[in-house]
file start32.txt (compact mmCIF, C-alpha atoms)
# COMPACT_ATOMS: atom_id res chain seq x y z
CA MET A 1 76.78 125.92 97.79
CA THR A 2 75.77 123.13 100.17
CA ALA A 3 77.23 123.10 103.68
CA VAL A 4 78.24 120.27 106.01
CA LEU A 5 78.56 120.69 109.77
CA VAL A 6 81.72 118.91 110.90
CA ILE A 7 81.97 117.96 114.58
CA ALA A 8 85.54 116.80 115.16
CA GLY A 9 88.94 117.41 116.70
CA THR A 10 91.91 119.24 115.26
CA ASP A 11 95.17 117.57 114.22
CA SER A 12 98.24 119.78 114.49
CA SER A 13 99.97 117.91 111.66
CA GLY A 14 97.00 118.44 109.33
CA GLY A 15 96.88 114.77 108.36
CA ALA A 16 93.50 113.96 109.87
CA GLY A 17 90.66 115.52 111.80
CA LEU A 18 89.12 118.84 110.92
CA ALA A 19 91.87 119.81 108.47
CA ARG A 20 91.26 116.68 106.40
CA ASP A 21 87.50 117.23 106.59
CA VAL A 22 87.75 120.78 105.28
CA ALA A 23 90.06 119.74 102.43
CA THR A 24 87.67 116.96 101.43
CA LEU A 25 84.55 119.10 101.55
CA THR A 26 86.30 121.79 99.52
CA ARG A 27 87.20 119.16 96.93
CA PHE A 28 83.50 118.31 96.58
CA GLY A 29 82.38 121.94 96.47
CA ALA A 30 80.80 121.98 99.92
CA GLU A 31 81.12 124.66 102.58
CA THR A 32 82.28 123.68 106.08
CA LEU A 33 80.58 124.66 109.32
CA CYS A 34 82.43 123.38 112.35
CA ALA A 35 82.21 122.49 116.01
CA VAL A 36 85.60 121.64 117.54
CA THR A 37 85.54 118.88 120.15
CA ALA A 38 89.24 118.57 120.95
CA VAL A 39 92.67 119.97 120.19
CA THR A 40 95.34 117.34 119.60
CA ALA A 41 99.09 117.43 119.07
CA GLN A 42 100.06 114.48 116.89
CA THR A 43 102.30 113.27 114.11
CA ASP A 44 102.31 110.17 111.95
CA ARG A 45 104.06 108.37 114.82
CA GLU A 46 102.36 109.49 118.03
CA VAL A 47 99.80 111.59 119.84
CA THR A 48 101.62 113.84 122.29
CA ALA A 49 98.77 115.88 123.79
CA ILE A 50 94.96 115.99 123.84
CA GLU A 51 92.78 118.76 125.28
CA LEU A 52 89.03 118.16 125.18
CA LEU A 53 86.75 121.18 125.01
CA PRO A 54 83.99 121.53 127.61
CA ALA A 55 80.82 119.76 126.49
CA ALA A 56 78.81 122.97 126.89
CA VAL A 57 81.15 124.77 124.48
CA VAL A 58 80.79 121.96 121.93
CA GLN A 59 77.02 122.14 122.23
CA ALA A 60 77.07 125.93 121.84
CA GLN A 61 79.14 125.63 118.65
CA ILE A 62 76.66 123.15 117.19
CA SER A 63 73.69 125.35 118.06
CA ALA A 64 75.35 128.39 116.48
CA ALA A 65 76.22 126.46 113.31
CA LEU A 66 72.68 125.08 112.97
CA ALA A 67 71.23 128.55 113.55
CA THR A 68 72.72 129.65 110.23
CA GLY A 69 70.24 127.37 108.47
CA ARG A 70 72.92 126.31 105.97
CA ALA A 71 73.79 122.81 107.20
CA ALA A 72 72.52 120.12 104.81
CA ALA A 73 74.35 117.21 106.48
CA VAL A 74 76.53 116.47 109.52
CA LYS A 75 79.82 114.60 109.79
CA VAL A 76 80.96 113.51 113.26
CA GLY A 77 84.53 112.44 114.01
CA MET A 78 86.52 112.55 117.26
CA LEU A 79 84.39 113.08 120.37
CA GLY A 80 86.73 112.25 123.26
CA ASP A 81 84.47 111.40 126.18
CA ARG A 82 80.94 110.60 127.31
CA GLU A 83 80.01 114.20 128.12
CA ILE A 84 80.82 115.40 124.60
CA VAL A 85 78.98 112.44 123.04
CA ALA A 86 75.89 113.31 125.09
CA ALA A 87 76.17 117.00 124.20
CA VAL A 88 76.38 116.22 120.49
CA ALA A 89 73.47 113.78 120.62
CA GLY A 90 71.36 116.33 122.47
CA ALA A 91 72.15 119.21 120.12
CA LEU A 92 71.29 117.57 116.79
CA PRO A 93 67.85 117.20 115.21
CA PRO A 94 66.62 113.73 114.08
CA ARG A 95 68.40 112.12 111.13
CA GLU A 96 65.20 112.43 109.08
CA ARG A 97 65.73 116.20 109.17
CA LEU A 98 69.52 116.31 108.87
CA PRO A 99 71.53 113.26 107.70
CA LEU A 100 74.51 112.35 109.87
CA VAL A 101 77.63 110.40 108.91
CA LEU A 102 79.42 109.09 112.00
CA ASP A 103 83.08 108.09 111.77
CA PRO A 104 83.66 106.33 115.13
CA VAL A 105 87.13 107.66 115.94
CA LEU A 106 88.25 105.41 118.79
CA ALA A 107 92.04 105.52 118.39
CA ALA A 108 94.67 107.35 116.38
CA THR A 109 96.52 105.53 113.60
CA SER A 110 99.60 105.70 115.83
CA GLY A 111 97.70 103.88 118.58
CA GLY A 112 96.63 106.56 121.08
CA SER A 113 93.08 106.29 122.48
CA LEU A 114 90.73 109.07 121.31
CA LEU A 115 87.49 107.91 122.99
CA ASP A 116 87.29 106.35 126.44
CA ALA A 117 85.18 103.31 127.36
CA ALA A 118 82.30 105.38 128.78
CA GLY A 119 82.34 107.46 125.61
CA ARG A 120 82.09 104.35 123.45
CA ALA A 121 79.08 103.13 125.42
CA ALA A 122 77.42 106.54 125.09
CA LEU A 123 78.16 106.65 121.37
CA THR A 124 76.38 103.31 120.92
CA ALA A 125 73.41 104.24 123.09
CA LEU A 126 72.93 107.91 122.19
CA LEU A 127 74.38 108.55 118.73
CA LEU A 128 73.79 105.36 116.75
CA PRO A 129 70.00 105.86 116.79
CA ARG A 130 70.64 109.35 115.35
CA THR A 131 73.04 108.11 112.65
CA THR A 132 72.27 107.88 108.94
CA LEU A 133 75.55 106.10 108.15
CA LEU A 134 78.21 104.66 110.47
CA THR A 135 81.66 104.15 108.87
CA PRO A 136 83.75 101.85 111.11
CA ASN A 137 86.89 100.05 110.11
CA ILE A 138 87.33 96.43 111.19
CA PRO A 139 88.86 97.15 114.64
CA GLU A 140 86.32 99.91 115.37
CA ALA A 141 83.32 97.73 114.53
CA ALA A 142 84.68 94.94 116.72
CA ALA A 143 85.30 97.33 119.62
CA LEU A 144 81.79 98.80 119.44
CA LEU A 145 80.25 95.33 119.45
CA GLY A 146 82.62 93.72 121.95
CA LEU A 147 83.57 91.06 119.39
CA ALA A 148 86.72 89.77 117.75
CA PRO A 149 87.66 91.61 114.53
CA ALA A 150 85.90 90.23 111.46
CA SER A 151 88.11 87.94 109.38
CA SER A 152 85.82 87.28 106.41
CA ASP A 153 83.30 89.10 104.25
CA GLU A 154 80.51 87.16 105.93
CA GLU A 155 81.65 88.37 109.36
CA LEU A 156 81.97 91.94 108.11
CA VAL A 157 78.38 91.91 106.84
CA GLY A 158 77.19 90.24 110.04
CA GLN A 159 78.80 92.89 112.21
CA GLY A 160 77.30 95.58 109.97
CA ARG A 161 73.87 94.09 110.58
CA ALA A 162 74.54 93.98 114.33
CA LEU A 163 75.42 97.70 114.32
CA CYS A 164 72.24 98.46 112.37
CA ALA A 165 70.34 96.57 115.05
CA LEU A 166 71.80 98.99 117.61
CA GLY A 167 70.23 101.93 115.79
CA ALA A 168 72.32 103.04 112.80
CA ALA A 169 70.18 103.35 109.67
CA ALA A 170 73.10 102.04 107.60
CA VAL A 171 76.69 100.93 108.17
CA LEU A 172 79.61 101.04 105.75
CA MET A 173 81.99 98.34 106.97
CA LYS A 174 85.44 99.36 105.73
CA GLY A 175 87.66 96.46 104.73
CA GLY A 176 90.93 98.32 104.43
CA HIS A 177 92.40 96.55 107.46
CA ALA A 178 91.78 93.13 105.91
CA SER A 179 94.68 91.31 104.27
CA GLY A 180 95.30 88.93 101.42
CA ALA A 181 92.84 90.07 98.77
CA ALA A 182 93.90 92.11 95.77
CA GLN A 183 90.78 94.24 96.16
CA ALA A 184 89.85 96.35 99.19
CA ALA A 185 86.13 95.76 99.78
CA ASP A 186 83.72 97.88 101.80
CA TRP A 187 80.23 96.60 102.59
CA LEU A 188 77.18 98.85 102.87
CA VAL A 189 74.51 97.27 105.08
CA THR A 190 71.16 98.91 105.82
CA GLN A 191 68.39 98.38 108.35
CA GLU A 192 66.14 97.43 105.43
CA GLY A 193 68.40 94.45 104.78
CA THR A 194 70.12 95.57 101.58
CA VAL A 195 73.82 94.81 101.14
CA ARG A 196 76.09 96.49 98.59
CA LYS A 197 79.79 95.79 97.98
CA PHE A 198 82.23 98.51 96.91
CA THR A 199 85.68 97.50 95.70
CA ALA A 200 88.91 99.24 94.78
CA PRO A 201 92.47 98.00 94.17
CA ARG A 202 94.30 97.36 97.44
CA LEU A 203 97.16 99.86 97.46
CA PRO A 204 100.43 99.51 99.41
CA ALA A 205 100.26 103.15 100.53
CA GLN A 206 99.05 104.22 103.96
CA ARG A 207 97.87 107.71 104.81
CA ARG A 208 96.38 109.14 107.98
CA GLY A 209 93.01 110.76 107.60
CA THR A 210 91.50 108.48 104.96
CA GLY A 211 88.66 107.60 107.34
CA CYS A 212 87.96 111.30 107.84
CA ALA A 213 88.07 111.87 104.08
CA LEU A 214 85.68 109.00 103.35
CA ALA A 215 83.10 110.10 105.92
CA SER A 216 83.33 113.76 104.90
CA GLY A 217 83.08 112.85 101.24
CA ILE A 218 79.92 110.84 101.90
CA ALA A 219 78.46 113.69 103.96
CA ALA A 220 79.13 116.05 101.04
CA GLY A 221 77.22 113.69 98.79
CA LEU A 222 74.27 113.48 101.15
CA ALA A 223 74.27 117.27 101.51
CA ALA A 224 74.02 117.45 97.71
CA ARG A 225 71.10 114.97 97.90
CA LEU A 226 72.90 112.08 96.26
CA PRO A 227 71.49 108.64 97.09
CA LEU A 228 73.48 106.92 99.84
CA GLU A 229 75.04 104.31 97.53
CA ALA A 230 76.14 106.98 95.05
CA ALA A 231 77.62 109.12 97.84
CA CYS A 232 79.58 106.12 99.15
CA GLN A 233 80.87 105.19 95.70
CA ARG A 234 82.02 108.72 94.91
CA ALA A 235 83.76 109.11 98.29
CA LYS A 236 85.52 105.74 97.97
CA GLU A 237 86.85 106.74 94.55
CA TYR A 238 88.20 109.95 96.07
CA VAL A 239 89.98 108.07 98.88
CA THR A 240 91.56 105.76 96.29
CA GLU A 241 92.86 108.85 94.47
CA LEU A 242 94.18 110.20 97.77
CA LEU A 243 96.10 107.00 98.47
CA GLN A 244 97.70 107.18 95.03
CA GLN A 245 99.11 110.64 95.67
CA PRO A 246 102.66 111.11 97.03
CA ALA A 247 102.70 111.29 100.84
call {"tool": "encode", "arguments": {"input": "start32.txt", "output": "structure tokens"}}
result
Amino acid sequence: MTAVLVIAGTDSSGGAGLARDVATLTRFGAETLCAVTAVTAQTDREVTAIELLPAAVVQAQISAALATGRAAAVKVGMLGDREIVAAVAGALPPRERLPLVLDPVLAATSGGSLLDAAGRAALTALLLPRTTLLTPNIPEAAALLGLAPASSDEELVGQGRALCALGAAAVLMKGGHASGAAQAADWLVTQEGTVRKFTAPRLPAQRRGTGCALASGIAAGLAARLPLEAACQRAKEYVTELLQQPA
């Protein structure tokens, strides 16, 4: 069985974070190794408490997980602050040795901030060059670049290219926050210049944790040595199935 190291926060309601990651990896037959970055108390409506773990403890968890020799990929979610970002970046080997899928968790669905401004700057400077695939939604991509949210496919692809220029080997620009189209389109952009579009029916349902599920599903695919495009396609199909299930 392949294993994925998940570096993320907990969600007391189980809707997102580490709980969603474990459920997704189990669905794809992957084992979970974990390093907890934060403990949160949240519901579908609000975040009521956040406690970040000391950066040294996060780094120690990563080192212990890697020492097992079982990790075949890494998925990174909530980090919380600059110190944790730096600890994570310093603890991981190069992406050529261990692929990393980075879900830039900047805010909760309910609106609470989950990564401060200094943490965002550190994520761009320290983690993007270590990242195999970045999976931002439209607001997250805009926040990382200091730009207005993309309002067209051309702008989505352009922002994906800009994030690749900052160091990410590839970026999956998620179009779920767009409006109007009958299809929800995600765009995979790579440093080599390739662009691939993934589409699925736009569903009226909303569910917390779909970003976690997508990134974890892709990490499971990379751990199983699927090509990046195939891993993205399989994970997107899973998220579509998730959105079709009763809440």
call {"tool": "residues_around", "arguments": {"input": "start32.txt", "residues": "Ala148 (chain A)", "least_positions_apart": "4", "cutoff": "10 Å", "atoms": "only C-alpha atoms", "output": "PyMOL selection string"}}
result
chain A and resi 138-139+141-143+155
call {"tool": "write_last_selection", "arguments": {"input": "start32.txt", "atoms": "C-alpha atoms", "output": "PDB file, in the frame of the given file"}}
result
ATOM      1  CA  ILE A 138      87.330  96.430 111.190  1.00  0.00           C
ATOM      2  CA  PRO A 139      88.860  97.150 114.640  1.00  0.00           C
ATOM      3  CA  ALA A 141      83.320  97.730 114.530  1.00  0.00           C
ATOM      4  CA  ALA A 142      84.680  94.940 116.720  1.00  0.00           C
ATOM      5  CA  ALA A 143      85.300  97.330 119.620  1.00  0.00           C
ATOM      6  CA  GLU A 155      81.650  88.370 109.360  1.00  0.00           C
TER       7      GLU A 155
END
call {"tool": "atom_distance", "arguments": {"input": "start32.txt", "atom1": "CA of Gln191 (chain A)", "atom2": "CA of Gly77 (chain A)"}}
result
22.1 Å
call {"tool": "residues_around", "arguments": {"input": "start32.txt", "residues": "Gly175 (chain A)", "least_positions_apart": "4", "cutoff": "9 Å", "atoms": "all atoms listed in the file", "output": "ChimeraX atom specification"}}
result
/A:137-138,153,156,179,184-187
call {"tool": "write_last_selection", "arguments": {"input": "start32.txt", "atoms": "C-alpha atoms", "output": "CSV table (one decimal), keeping the file's coordinate frame"}}
result
chain,number,residue,atom,x,y,z
A,137,ASN,CA,86.9,100.0,110.1
A,138,ILE,CA,87.3,96.4,111.2
A,153,ASP,CA,83.3,89.1,104.2
A,156,LEU,CA,82.0,91.9,108.1
A,179,SER,CA,94.7,91.3,104.3
A,184,ALA,CA,89.8,96.4,99.2
A,185,ALA,CA,86.1,95.8,99.8
A,186,ASP,CA,83.7,97.9,101.8
A,187,TRP,CA,80.2,96.6,102.6
call {"tool": "atom_distance", "arguments": {"input": "start32.txt", "atom1": "CA of Ile7 (chain A)", "atom2": "CA of Cys34 (chain A)"}}
result
5.9 Å
call {"tool": "residues_near_point", "arguments": {"input": "start32.txt", "point": "(86.0, 120.3, 112.5)", "cutoff": "7 Å", "atoms": "only C-alpha atoms", "output": "PyMOL selection string"}}
result
chain A and resi 6-10+17-18+21+34-36
call {"tool": "closest_residue", "arguments": {"input": "start32.txt", "among": "A:Pro129, A:Gly211, A:Gly14, A:Gly217", "to": "Ala230 (chain A)", "atoms": "all atoms listed in the file"}}
result
A:Gly217
call {"tool": "atom_distance", "arguments": {"input": "start32.txt", "atom1": "CA of Ala150 (chain A)", "atom2": "CA of Ala215 (chain A)"}}
result
20.8 Å
call {"tool": "closest_residue", "arguments": {"input": "start32.txt", "among": "A:Ala23, A:Val57, A:Leu228, A:Leu243", "to": "Leu100 (chain A)", "atoms": "only C-alpha atoms"}}
result
A:Leu228
call {"tool": "closest_residue", "arguments": {"input": "start32.txt", "among": "A:Ile50, A:Leu145, A:Ala220, A:Val101", "to": "Leu115 (chain A)", "atoms": "all atoms listed in the file"}}
result
A:Ile50
call {"tool": "closest_residue", "arguments": {"input": "start32.txt", "among": "A:Ala170, A:Ala3, A:Ala49, A:Ala55", "to": "Ala30 (chain A)", "atoms": "only C-alpha atoms"}}
result
A:Ala3
call {"tool": "residues_around", "arguments": {"input": "start32.txt", "residues": "Thr43 (chain A)", "least_positions_apart": "3", "cutoff": "7 Å", "atoms": "all atoms listed in the file", "output": "list in words"}}
result
Ser13, Glu46 and Val47 of chain A
call {"tool": "closest_residue", "arguments": {"input": "start32.txt", "among": "A:Leu33, A:Thr24, A:Thr40, A:Ala73", "to": "Asp11 (chain A)", "atoms": "all atoms listed in the file"}}
result
A:Thr40
call {"tool": "residues_around", "arguments": {"input": "start32.txt", "residues": "region 192-195 of chain A", "least_positions_apart": "5", "cutoff": "10 Å", "atoms": "all atoms listed in the file", "output": "VMD selection string"}}
result
chain A and resid 157 160 to 161 164 169 to 172 187
call {"tool": "closest_residue", "arguments": {"input": "start32.txt", "among": "A:Ser152, A:Thr2, A:Thr135, A:Gln159", "to": "Ala213 (chain A)", "atoms": "all atoms listed in the file"}}
result
A:Thr135
call {"tool": "residues_near_point", "arguments": {"input": "start32.txt", "point": "(75.2, 118.1, 102.3)", "cutoff": "9 Å", "atoms": "all atoms listed in the file", "output": "VMD selection string"}}
result
chain A and resid 2 to 5 30 to 31 71 to 74 98 to 99 218 to 226
call {"tool": "residues_around", "arguments": {"input": "start32.txt", "residues": "Ala125 (chain A)", "least_positions_apart": "3", "cutoff": "12 Å", "atoms": "all atoms listed in the file", "output": "short mmCIF file (atom, residue, chain, number, x, y, z; two decimals) with C-alpha atoms, keeping the file's coordinate frame"}}
result
data_model
loop_
_atom_site.label_atom_id
_atom_site.label_comp_id
_atom_site.auth_asym_id
_atom_site.auth_seq_id
_atom_site.Cartn_x
_atom_site.Cartn_y
_atom_site.Cartn_z
CA ARG A 82 80.94 110.60 127.31
CA VAL A 85 78.98 112.44 123.04
CA ALA A 86 75.89 113.31 125.09
CA ALA A 89 73.47 113.78 120.62
CA ALA A 118 82.30 105.38 128.78
CA GLY A 119 82.34 107.46 125.61
CA ARG A 120 82.09 104.35 123.45
CA ALA A 121 79.08 103.13 125.42
CA ALA A 122 77.42 106.54 125.09
CA LEU A 128 73.79 105.36 116.75
CA PRO A 129 70.00 105.86 116.79
CA ARG A 130 70.64 109.35 115.35
CA THR A 131 73.04 108.11 112.65
CA LEU A 144 81.79 98.80 119.44
CA LEU A 145 80.25 95.33 119.45
CA LEU A 163 75.42 97.70 114.32
CA ALA A 165 70.34 96.57 115.05
CA LEU A 166 71.80 98.99 117.61
CA GLY A 167 70.23 101.93 115.79
CA ALA A 168 72.32 103.04 112.80
#
